[in-house]
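Input: a single structure, listed below in structure tokens.
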Amino acid sequence: MHIQGFIFDLDGVLTDTAEYHYRAWKRLADELGIPFTREENEALRGIPRRESLLMLLKGRTFPEETLTELMERKNGYYLAYIREISPRDVLPGARELLSEIRAAGLKTALGSASKNAREVIERLGIAELLDAIADGYSVTRQKPAPDLFLHAATLLGLPPAACVVVEDAAAGVEAALAGGFYAIGIGPRERVGKAHVVLPNLAGARLSDLLARLPAQP
């Protein structure tokens, strides 16, 4: 095993924007008169915006131009909420792990389905700790397809088997495994249990410990 790079998801791994997404989707759902709960929001983790909207609509059909308008409306709400984000919103252990990885001479990338990932990273103050960013604009097929992580690995100049993906969504873990990456799952085992290593969060995570827990090959 020769790990040369790490690819991090954003929401739920480096910061927790799930609450902002929930508030934005909830506001849209209320305007449409559609019930929407926090539990339903959990099912949208790692899912692109259009698919998330279709799940929220629960079978209701609209013309394509209306779907586009609804996605833009939700994104506008979300962008207004994330203006509150600052460096204090980096999740415990994330900045330290990124710094340790870079200090060890390894590469780091972001692999997020979010189309607002760059703005969030800038607001968090961790852009300088990432060598590359693959986001919702980078590929056509999103998670659980492996394309986003494959693109991130290409940006780093590394093969998948030399990279570790850190994910908090089942779709993201599935994408990592499908692409031939190592996978570290963040969160409950029932959600990310297929990953090679499962952690509740990154608080106290050390590079040497993570590398020691990974199998010989993905």
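Following the order of the structure tokens, first chain is A, next is B, and so on, with residues numbered from 1 inside each chain and ligands from 1 in the order they appear.
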
- Nearby residues (only C-alpha atoms) at most 12 Å from Ala176 of chain A, same-chain spacing under 5 positions excluded, as a VMD selection string: chain A and resid 6 to 9 111 142 to 153 160 to 161 163 to 171 181 to 185 192 194 to 196 218

Within 10 Å of segment 13-33 of chain A, which residues of segment 182-214 of chain A come that close, and what is the closest atom pair and distance in Å for each? Count only C-alpha atoms and give it as JSON lines.
{"residue": "A:Gly185", "atom": "CA", "partner": "A:Val13", "partner_atom": "CA", "distance": 9.3}
{"residue": "A:Ile186", "atom": "CA", "partner": "A:Val13", "partner_atom": "CA", "distance": 6.8}
{"residue": "A:Gly187", "atom": "CA", "partner": "A:Val13", "partner_atom": "CA", "distance": 9.1}
{"residue": "A:Asn201", "atom": "CA", "partner": "A:Val13", "partner_atom": "CA", "distance": 7.4}
{"residue": "A:Leu202", "atom": "CA", "partner": "A:Val13", "partner_atom": "CA", "distance": 7.5}

Can you write just those residues out, N, CA and C atoms, as a compact mmCIF listing (two decimals), in the first residue's frame?
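Final output, saved to result_35.txt:
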# COMPACT_ATOMS: atom_id res chain seq x y z
N GLY A 185 -15.24 6.03 6.04
CA GLY A 185 -16.60 6.50 6.24
C GLY A 185 -16.71 7.28 7.53
N ILE A 186 -17.37 8.43 7.47
CA ILE A 186 -17.59 9.26 8.64
C ILE A 186 -19.07 9.21 9.01
N GLY A 187 -19.37 8.71 10.21
CA GLY A 187 -20.77 8.63 10.62
C GLY A 187 -21.15 7.24 11.08
N ASN A 201 -16.30 10.67 13.52
CA ASN A 201 -15.96 12.01 13.03
C ASN A 201 -14.43 12.07 12.92
N LEU A 202 -13.91 13.24 12.57
CA LEU A 202 -12.46 13.38 12.40
C LEU A 202 -11.76 13.92 13.65

- Query: Can you tell me how far atom CA of Ala113 of chain A sits from atom CA of Gly157 of chain A, in Å to one decimal?
  - Reply: 20.4 Å

- Task: Considering only C-alpha atoms, state which residue in the set A:Pro200, A:Gly5, A:Gly46, A:Gly12 is at the smallest distance from Asp135 of chain A.
- Result: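 Going through A:Pro200, A:Gly5, A:Gly46, A:Gly12 one by one, the smallest distance to Asp135 of chain A is for A:Gly46.
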
- Task: Going by DSSP on the backbone, which bits of chain A are alpha helix (DSSP H)? Write them as number ranges by chain, please.
- Result: A: 18-32, 38-42, 49-57, 64-82, 94-103, 117-124, 147-156, 170-178, 189-192, 207-213

With C-alpha atoms retained, export the selected residues as a JSON list (two decimals), in the first residue's frame.
[["chain", "number", "residue", "atom", "x", "y", "z"],
["A", 18, "ALA", "CA", -26.60, 19.87, 6.27],
["A", 19, "GLU", "CA", -28.55, 22.31, 8.44],
["A", 20, "TYR", "CA", -28.32, 25.01, 5.78],
["A", 21, "HIS", "CA", -29.43, 22.54, 3.11],
["A", 22, "TYR", "CA", -32.31, 21.45, 5.32],
["A", 23, "ARG", "CA", -33.44, 25.02, 5.93],
["A", 24, "ALA", "CA", -33.30, 25.80, 2.20],
["A", 25, "TRP", "CA", -35.18, 22.65, 1.15],
["A", 26, "LYS", "CA", -37.68, 23.10, 3.98],
["A", 27, "ARG", "CA", -38.41, 26.67, 2.92],
["A", 28, "LEU", "CA", -38.99, 25.53, -0.67],
["A", 29, "ALA", "CA", -41.16, 22.60, 0.45],
["A", 30, "ASP", "CA", -43.26, 24.89, 2.63],
["A", 31, "GLU", "CA", -43.81, 27.21, -0.32],
["A", 32, "LEU", "CA", -44.96, 24.23, -2.39],
["A", 38, "ARG", "CA", -35.20, 16.37, 8.88],
["A", 39, "GLU", "CA", -35.24, 12.61, 8.35],
["A", 40, "GLU", "CA", -36.09, 13.13, 4.69],
["A", 41, "ASN", "CA", -33.26, 15.65, 4.45],
["A", 42, "GLU", "CA", -30.84, 12.97, 5.68],
["A", 49, "ARG", "CA", -29.51, 19.07, -6.51],
["A", 50, "ARG", "CA", -31.83, 17.90, -9.29],
["A", 51, "GLU", "CA", -32.22, 14.40, -7.86],
["A", 52, "SER", "CA", -32.78, 15.92, -4.42],
["A", 53, "LEU", "CA", -35.56, 18.11, -5.80],
["A", 54, "LEU", "CA", -37.26, 15.14, -7.44],
["A", 55, "MET", "CA", -37.11, 13.25, -4.14],
["A", 56, "LEU", "CA", -38.60, 16.24, -2.32],
["A", 57, "LEU", "CA", -41.44, 16.48, -4.88],
["A", 64, "GLU", "CA", -38.45, 21.23, -16.91],
["A", 65, "GLU", "CA", -38.29, 25.03, -16.78],
["A", 66, "THR", "CA", -40.19, 24.97, -13.47],
["A", 67, "LEU", "CA", -37.80, 22.38, -12.06],
["A", 68, "THR", "CA", -34.89, 24.63, -13.04],
["A", 69, "GLU", "CA", -36.55, 27.62, -11.35],
["A", 70, "LEU", "CA", -37.17, 25.59, -8.18],
["A", 71, "MET", "CA", -33.54, 24.45, -8.06],
["A", 72, "GLU", "CA", -32.36, 28.04, -8.50],
["A", 73, "ARG", "CA", -34.74, 29.22, -5.78],
["A", 74, "LYS", "CA", -33.48, 26.60, -3.34],
["A", 75, "ASN", "CA", -29.88, 27.46, -4.18],
["A", 76, "GLY", "CA", -30.57, 31.12, -3.57],
["A", 77, "TYR", "CA", -31.89, 30.31, -0.10],
["A", 78, "TYR", "CA", -28.86, 28.09, 0.58],
["A", 79, "LEU", "CA", -26.38, 30.74, -0.59],
["A", 80, "ALA", "CA", -28.00, 33.26, 1.74],
["A", 81, "TYR", "CA", -27.62, 30.84, 4.65],
["A", 82, "ILE", "CA", -23.98, 29.89, 3.95],
["A", 94, "ALA", "CA", -10.57, 18.37, 9.93],
["A", 95, "ARG", "CA", -8.10, 21.27, 9.69],
["A", 96, "GLU", "CA", -5.55, 19.37, 11.78],
["A", 97, "LEU", "CA", -5.79, 16.25, 9.59],
["A", 98, "LEU", "CA", -5.52, 18.27, 6.37],
["A", 99, "SER", "CA", -2.43, 20.01, 7.75],
["A", 100, "GLU", "CA", -0.87, 16.72, 8.84],
["A", 101, "ILE", "CA", -1.48, 15.14, 5.42],
["A", 102, "ARG", "CA", 0.15, 18.09, 3.66],
["A", 103, "ALA", "CA", 3.07, 18.11, 6.11],
["A", 117, "ALA", "CA", -18.05, 24.02, -2.75],
["A", 118, "ARG", "CA", -15.46, 26.64, -3.72],
["A", 119, "GLU", "CA", -17.27, 29.43, -1.90],
["A", 120, "VAL", "CA", -17.73, 27.30, 1.22],
["A", 121, "ILE", "CA", -14.04, 26.28, 1.24],
["A", 122, "GLU", "CA", -13.02, 29.93, 0.94],
["A", 123, "ARG", "CA", -15.33, 30.96, 3.78],
["A", 124, "LEU", "CA", -13.97, 28.13, 5.95],
["A", 147, "ASP", "CA", -16.66, 10.01, -11.83],
["A", 148, "LEU", "CA", -16.20, 12.86, -9.32],
["A", 149, "PHE", "CA", -13.50, 11.05, -7.36],
["A", 150, "LEU", "CA", -11.83, 9.83, -10.55],
["A", 151, "HIS", "CA", -11.70, 13.45, -11.72],
["A", 152, "ALA", "CA", -10.22, 14.53, -8.38],
["A", 153, "ALA", "CA", -7.55, 11.83, -8.64],
["A", 154, "THR", "CA", -6.73, 12.98, -12.18],
["A", 155, "LEU", "CA", -6.32, 16.56, -10.92],
["A", 156, "LEU", "CA", -3.88, 15.23, -8.31],
["A", 170, "ALA", "CA", -23.59, 5.98, 1.56],
["A", 171, "ALA", "CA", -23.63, 7.17, -2.06],
["A", 172, "GLY", "CA", -20.15, 8.61, -1.63],
["A", 173, "VAL", "CA", -18.72, 5.43, -0.13],
["A", 174, "GLU", "CA", -20.30, 3.46, -2.97],
["A", 175, "ALA", "CA", -18.73, 5.84, -5.48],
["A", 176, "ALA", "CA", -15.29, 5.49, -3.88],
["A", 177, "LEU", "CA", -15.41, 1.70, -3.89],
["A", 178, "ALA", "CA", -16.70, 1.62, -7.47],
["A", 189, "ARG", "CA", -21.94, 2.24, 10.54],
["A", 190, "GLU", "CA", -25.43, 1.63, 9.17],
["A", 191, "ARG", "CA", -24.80, 4.48, 6.72],
["A", 192, "VAL", "CA", -21.11, 4.15, 5.85],
["A", 207, "LEU", "CA", -2.72, 10.18, 9.64],
["A", 208, "SER", "CA", -0.56, 7.32, 10.93],
["A", 209, "ASP", "CA", -3.53, 5.64, 12.62],
["A", 210, "LEU", "CA", -5.70, 5.91, 9.50],
["A", 211, "LEU", "CA", -3.00, 4.48, 7.24],
["A", 212, "ALA", "CA", -2.40, 1.62, 9.67],
["A", 213, "ARG", "CA", -6.09, 0.66, 9.63]]

- Query: For the atom pair atom CA of Ala162 of chain A and atom CA of Leu106 of chain A, what is the interatomic distance in Å to one decimal place?
  - Reply: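 Value for the atom CA of Ala162 of chain A-atom CA of Leu106 of chain A distance: 10.3 Å.
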
- Item | Point-to-point distance in Å for atom CA of Arg45 of chain A and atom CA of Leu91 of chain A | 16.8 Å

- Query: DSSP says strand (DSSP E or B) for which residues of segment 6-177 of chain A? Put them as a VMD selection string?
  - Reply: chain A and resid 6 to 8 11 15 90 107 to 111 132 to 134 163 to 167

Residues from the last selection, N, CA, C and O atoms, saved as a compact mmCIF listing (two decimals), in the first residue's frame:
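Result file follows (selection33.txt):
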# COMPACT_ATOMS: atom_id res chain seq x y z
N PHE A 6 -5.37 12.15 -0.44
CA PHE A 6 -6.67 12.03 0.21
C PHE A 6 -7.67 12.94 -0.51
O PHE A 6 -7.34 14.08 -0.85
N ILE A 7 -8.88 12.43 -0.69
CA ILE A 7 -9.95 13.20 -1.32
C ILE A 7 -11.09 13.30 -0.30
O ILE A 7 -11.63 12.29 0.13
N PHE A 8 -11.43 14.52 0.07
CA PHE A 8 -12.43 14.74 1.10
C PHE A 8 -13.75 15.22 0.52
O PHE A 8 -13.78 16.13 -0.32
N ASP A 11 -19.63 18.38 2.80
CA ASP A 11 -20.71 18.38 3.79
C ASP A 11 -20.63 17.17 4.70
O ASP A 11 -20.61 16.03 4.23
N THR A 15 -17.09 20.28 7.03
CA THR A 15 -18.00 21.19 7.71
C THR A 15 -19.39 20.58 7.66
O THR A 15 -19.61 19.61 6.93
N VAL A 90 -15.37 24.88 10.58
CA VAL A 90 -14.63 23.67 10.21
C VAL A 90 -14.85 22.64 11.32
O VAL A 90 -14.71 22.95 12.50
N LYS A 107 -0.91 14.56 -1.05
CA LYS A 107 -1.77 15.54 -1.72
C LYS A 107 -3.20 15.47 -1.17
O LYS A 107 -3.64 14.43 -0.67
N THR A 108 -3.91 16.58 -1.31
CA THR A 108 -5.29 16.64 -0.83
C THR A 108 -6.19 17.24 -1.91
O THR A 108 -5.78 18.14 -2.65
N ALA A 109 -7.42 16.74 -1.97
CA ALA A 109 -8.40 17.28 -2.91
C ALA A 109 -9.77 17.28 -2.27
O ALA A 109 -10.03 16.53 -1.32
N LEU A 110 -10.63 18.12 -2.79
CA LEU A 110 -12.03 18.11 -2.41
C LEU A 110 -12.79 17.34 -3.48
O LEU A 110 -12.54 17.52 -4.67
N GLY A 111 -13.74 16.49 -3.05
CA GLY A 111 -14.60 15.78 -3.99
C GLY A 111 -16.03 15.93 -3.52
O GLY A 111 -16.53 15.10 -2.76
N ALA A 132 -6.50 20.48 -5.00
CA ALA A 132 -7.43 20.46 -6.13
C ALA A 132 -8.86 20.42 -5.63
O ALA A 132 -9.13 19.96 -4.50
N ILE A 133 -9.77 20.90 -6.45
CA ILE A 133 -11.20 20.88 -6.12
C ILE A 133 -11.99 20.28 -7.27
O ILE A 133 -11.94 20.77 -8.40
N ALA A 134 -12.71 19.21 -6.97
CA ALA A 134 -13.67 18.62 -7.90
C ALA A 134 -15.04 18.85 -7.28
O ALA A 134 -15.29 18.45 -6.14
N CYS A 163 -5.19 6.64 -3.56
CA CYS A 163 -5.97 7.70 -2.91
C CYS A 163 -6.97 7.15 -1.91
O CYS A 163 -7.54 6.07 -2.11
N VAL A 164 -7.19 7.91 -0.85
CA VAL A 164 -8.21 7.59 0.15
C VAL A 164 -9.32 8.62 0.05
O VAL A 164 -9.06 9.83 0.08
N VAL A 165 -10.55 8.15 -0.08
CA VAL A 165 -11.72 9.04 -0.10
C VAL A 165 -12.32 9.07 1.30
O VAL A 165 -12.53 8.01 1.92
N VAL A 166 -12.60 10.26 1.81
CA VAL A 166 -13.22 10.42 3.13
C VAL A 166 -14.64 10.94 2.91
O VAL A 166 -14.82 12.05 2.40
N GLU A 167 -15.63 10.14 3.28
CA GLU A 167 -17.03 10.40 2.93
C GLU A 167 -17.97 10.17 4.10
O GLU A 167 -17.69 9.34 4.96

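Among the candidates A:Gly204, A:Ser138, A:Ser114, A:Leu130, the one nearest to Leu44 of chain A when counting only C-alpha atoms is A:Ser114.
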